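A.B. asks: A single structure is presented below for examination.
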Amino acid sequence: MSLPRFYPWHEETARAWLGEEQRRRFAHAWLIHGLAGIGKVEFARAAAAGLLCESPQDGMACGQCPACTWYASGNHPDFRRVRPEAVALAEGQAEEGDAEEEAVDADGKKAGKRAPSREIRIEQIRALESWANTGTHRGGLRVVVLYPAETLNTISANGLLKILEEPPPQTVFLLVSDAPDRLLPTLVSRCRRLPLGTPAPEPALAWLQEQGVQDAAAQLAAAGGAPVAAWRRAEAGVPPRAPWLDTFVTALAQGKPPDLGQIVDALDKIPAAEWIDALQRLAIDVALAQAGMGARYFPDLASQSAKIGERAERGRVAELSRWLTRQRRIADHPLNARLFAQDVLAQASAACLGRRPKRA
């Protein structure tokens, strides 16, 4: 493992935040939040390295001291990372047995293998209590990085709140969230907030090009200006926009109903959340065109979005965006995936063509 580093667009913020003067009155709990895909988790991990470092340079980890060596190898005794098992598995860093824990039913009988949890569980929070109430290894700080904070369920959130109400000495909690409004308000009130803004296009594009990303500008736009999300899309081979979206938009721009059957066929192997996200982004671009502004997500489709915006009612486009958000919440559990896709596309098409929707 290597020592985590701040992304270029975060370095200035990190130096100001972790500088010697600021550290003298450093809060015991921070909520680091901002747009998904800008590198907040890496920011928190790099910050943890700086806080644990024995010879920090402008608040940054030196990379040479014993603490940095332990941290880089994943063995620092005063550092804990808390995230759902499913996230740990996706990162390829789950502890052995995470996905193989035996589930137990109400009668105490084994009920087979338990699926990796998508939530931060109360057991993970309780494990912090005994750890945080022992002395630190070398008399410095203890640091907890917890993400995504919105995956705390009610029980685990209250468990963490109890710890933060009487914070253990020499311990800093760094909570990372894409959606702080989804957190327990009392939990948020126990944290200082550190908002991280979306980076300017120039450093984001320069970094993407350094990573060898093709069509960096288009990928960055498709990711809403979030460079890490754009890089991940490119690494996964995801194009800035899918061919099915071009087909859908072209027909709508011409004032024609799209061939929904053909498009549904194209969506067969694509996760519902992914194609609904593309429709949400299209709806935002159409709304921006109606307001006389440029496209945010699909600049190459700006002229088509403008033509759609001329035909569609503003209220219908706004309602479509809200409706798509509700559909995304149930996207993983449709009774019939094809009918679900057909209905969502039909509603989006009707809104963009200025016609009354027909519910499936």
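Identifiers in the structure tokens: chain A, B, ... in order shown; residue index from 1 per chain; ligand index from 1 in order shown.
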Using only C-alpha atoms, determine which residues lie at most 12 Å from A:Glu123, disregarding the query and same-chain residues fewer than 4 positions distant; provide the list as a count of residues only.
C.D. replies: 17
A.B. asks: Could you tell me how far atom CA of A:Leu279 sits from atom CA of A:Thr250, in Å to one decimal place?
C.D. replies: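 That distance, rounded to one decimal, is 13.7 Å.
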A.B. asks: Among stretch 102-344 of chain A, which residues carry a DSSP assignment of strand (DSSP E), reported as a list in words?
C.D. replies: Glu102, Ala103, Val104, Lys110, Ala111, Gly112, Lys113, Arg142, Val143, Val144, Val145, Leu146, Thr171, Val172, Phe173, Leu174, Leu175, Val176, Ser177, Arg192, Arg193, Leu194, Pro195 and Leu196 of chain A
A.B. asks: Within 12 Å of stretch 200-215 of chain A, counting only C-alpha atoms, which residues show up once you throw out same-chain ones fewer than 3 positions away? Write them as JSON, numbers by chain, please.
C.D. replies: {"A": [7, 8, 9, 10, 11, 37, 38, 39, 196, 197, 218, 219, 220, 221, 222, 223, 224, 225, 226, 227, 228, 229, 230, 231, 232, 233, 234, 235, 236, 237, 238, 239, 240, 241, 300]}
A.B. asks: Any chance you could list, as number ranges by chain, the residues in stretch 103-303 of chain A that come up alpha helix (DSSP H) when DSSP is run on the backbone?
C.D. replies: A: 122-132, 154-165, 185-189, 201-210, 216-222, 227-235, 243-253, 260-266, 272-290, 302-303
A.B. asks: Which is closer to A:Val188 than all the others in A:Leu146, A:Cys352, A:Leu31, A:Lys162, using only C-alpha atoms?
C.D. replies: A:Leu31
A.B. asks: I need the residue nearest A:Gln342 from this list: A:Ala287, A:Ala295, A:Arg314, A:Ala272. Use only C-alpha atoms for the distance.
C.D. replies: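 Under the stated criterion, the closest residue is A:Ala272.
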A.B. asks: How many Å separate atom CA of A:Gly59 from atom CA of A:Asn75?
C.D. replies: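 Between these atoms lies a distance of 21.1 Å.
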A.B. asks: Would you pick out the contacts of A:Arg24 at 12 Å or less, using only C-alpha atoms, so that residues sharing its chain but fewer than 6 positions from it are not included, and give the list as JSON, numbers by chain?
C.D. replies: {"A": [17, 18, 51, 59]}
A.B. asks: Using only C-alpha atoms, which residues sit within 7 Å of stretch 252-254 of chain A once same-chain residues fewer than 4 positions away are excluded, as a JSON list (two decimals) with all heavy atoms, in the first residue's frame?
C.D. replies:
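The resulting file, around-v3.json, is reproduced below:
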```json
[["chain", "number", "residue", "atom", "x", "y", "z"],
["A", 248, "PHE", "N", -32.42, 8.29, -28.36],
["A", 248, "PHE", "CA", -33.55, 8.86, -27.63],
["A", 248, "PHE", "C", -33.64, 10.37, -27.86],
["A", 248, "PHE", "O", -34.71, 10.91, -28.20],
["A", 248, "PHE", "CB", -33.38, 8.55, -26.14],
["A", 248, "PHE", "CG", -34.53, 8.92, -25.26],
["A", 248, "PHE", "CD1", -35.73, 8.21, -25.30],
["A", 248, "PHE", "CD2", -34.42, 9.97, -24.37],
["A", 248, "PHE", "CE1", -36.79, 8.55, -24.47],
["A", 248, "PHE", "CE2", -35.47, 10.32, -23.54],
["A", 248, "PHE", "CZ", -36.67, 9.60, -23.59],
["A", 258, "PRO", "N", -39.62, 8.35, -29.62],
["A", 258, "PRO", "CA", -38.53, 7.38, -29.86],
["A", 258, "PRO", "C", -39.07, 5.96, -29.96],
["A", 258, "PRO", "O", -40.16, 5.66, -29.48],
["A", 258, "PRO", "CB", -37.65, 7.53, -28.61],
["A", 258, "PRO", "CG", -38.07, 8.82, -27.97],
["A", 258, "PRO", "CD", -39.51, 9.00, -28.31],
["A", 304, "GLN", "N", -29.64, 19.73, -29.50],
["A", 304, "GLN", "CA", -30.83, 18.88, -29.37],
["A", 304, "GLN", "C", -31.59, 19.18, -28.08],
["A", 304, "GLN", "O", -32.82, 19.23, -28.07],
["A", 304, "GLN", "CB", -30.45, 17.39, -29.43],
["A", 304, "GLN", "CG", -29.93, 16.94, -30.79],
["A", 304, "GLN", "CD", -28.43, 16.94, -30.86],
["A", 304, "GLN", "OE1", -27.78, 17.90, -30.38],
["A", 304, "GLN", "NE2", -27.86, 15.91, -31.44],
["A", 307, "LYS", "N", -33.66, 22.25, -28.56],
["A", 307, "LYS", "CA", -34.88, 22.01, -29.35],
["A", 307, "LYS", "C", -35.95, 21.31, -28.50],
["A", 307, "LYS", "O", -37.13, 21.62, -28.61],
["A", 307, "LYS", "CB", -34.54, 21.16, -30.57],
["A", 307, "LYS", "CG", -33.72, 21.89, -31.62],
["A", 307, "LYS", "CD", -33.38, 20.98, -32.80],
["A", 307, "LYS", "CE", -32.54, 21.72, -33.83],
["A", 307, "LYS", "NZ", -32.15, 20.83, -34.96],
["A", 308, "ILE", "N", -35.51, 20.38, -27.66],
["A", 308, "ILE", "CA", -36.47, 19.71, -26.76],
["A", 308, "ILE", "C", -37.05, 20.74, -25.79],
["A", 308, "ILE", "O", -38.25, 20.76, -25.52],
["A", 308, "ILE", "CB", -35.77, 18.57, -25.99],
["A", 308, "ILE", "CG1", -35.33, 17.47, -26.96],
["A", 308, "ILE", "CG2", -36.69, 17.99, -24.93],
["A", 308, "ILE", "CD1", -34.44, 16.41, -26.33],
["A", 352, "CYS", "N", -40.98, 15.42, -22.54],
["A", 352, "CYS", "CA", -40.13, 16.17, -23.47],
["A", 352, "CYS", "C", -40.86, 16.54, -24.76],
["A", 352, "CYS", "O", -40.49, 17.52, -25.43],
["A", 352, "CYS", "CB", -38.88, 15.35, -23.80],
["A", 352, "CYS", "SG", -37.73, 15.17, -22.41],
["A", 353, "LEU", "N", -41.88, 15.78, -25.11],
["A", 353, "LEU", "CA", -42.66, 16.07, -26.32],
["A", 353, "LEU", "C", -43.87, 16.95, -26.02],
["A", 353, "LEU", "O", -44.64, 17.29, -26.93],
["A", 353, "LEU", "CB", -43.13, 14.76, -26.97],
["A", 353, "LEU", "CG", -42.04, 13.90, -27.60],
["A", 353, "LEU", "CD1", -42.61, 12.56, -28.04],
["A", 353, "LEU", "CD2", -41.40, 14.63, -28.79]]
```
A.B. asks: At a cut-off of 9 Å, can you tabulate as CSV every residue of stretch 254-300 of chain A near stretch 323-337 of chain A together with its closest atom pair and the distance in Å to one decimal, using only C-alpha atoms and ordering rows by chain then number?
C.D. replies:
```
residue,atom,partner,partner_atom,distance
A:Asp268,CA,A:Ala337,CA,8.2
A:Pro271,CA,A:Asp332,CA,8.2
A:Ala272,CA,A:Ala331,CA,5.6
A:Ala273,CA,A:Arg328,CA,5.8
A:Ile276,CA,A:Arg328,CA,6.4
A:Asp277,CA,A:Arg328,CA,7.8
A:Leu279,CA,A:Leu324,CA,7.7
A:Gln280,CA,A:Leu324,CA,6.4
```
A.B. asks: Pull C-alpha atoms from the residues just selected and write them as a short mmCIF file (atom, residue, chain, number, x, y, z; two decimals), in the first residue's frame.
C.D. replies:
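In the end it all went to again-v7.cif:
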```cif
data_model
loop_
_atom_site.label_atom_id
_atom_site.label_comp_id
_atom_site.auth_asym_id
_atom_site.auth_seq_id
_atom_site.Cartn_x
_atom_site.Cartn_y
_atom_site.Cartn_z
CA ASP A 268 -31.18 -4.85 -21.03
CA PRO A 271 -28.13 -1.28 -14.38
CA ALA A 272 -31.36 0.69 -14.01
CA ALA A 273 -29.75 3.27 -11.71
CA ILE A 276 -32.04 6.62 -15.00
CA ASP A 277 -29.09 8.78 -13.97
CA LEU A 279 -32.14 10.60 -18.06
CA GLN A 280 -31.89 12.81 -14.97
#
```
A.B. asks: Go through A:Ser2, A:Ala88, A:Ile284, A:Ala132 one by one, measure the shortest atom-to-atom distance of each to A:Gly74 using only C-alpha atoms, and give the residue with the smallest value.
C.D. replies: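 The closest residue to A:Gly74 is A:Ser2.
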A.B. asks: What's around A:Arg5 at 8 Å? Count only C-alpha atoms, leave out sequence neighbours fewer than 3 positions away in its own chain, and write the answer as a PyMOL selection string.
C.D. replies: chain A and resi 42-43+46
A.B. asks: Of the candidates A:Arg138, A:His33, A:Arg296, A:Lys40, which shows the shortest atom-to-atom distance to A:Arg182, using only C-alpha atoms?
C.D. replies: A:His33
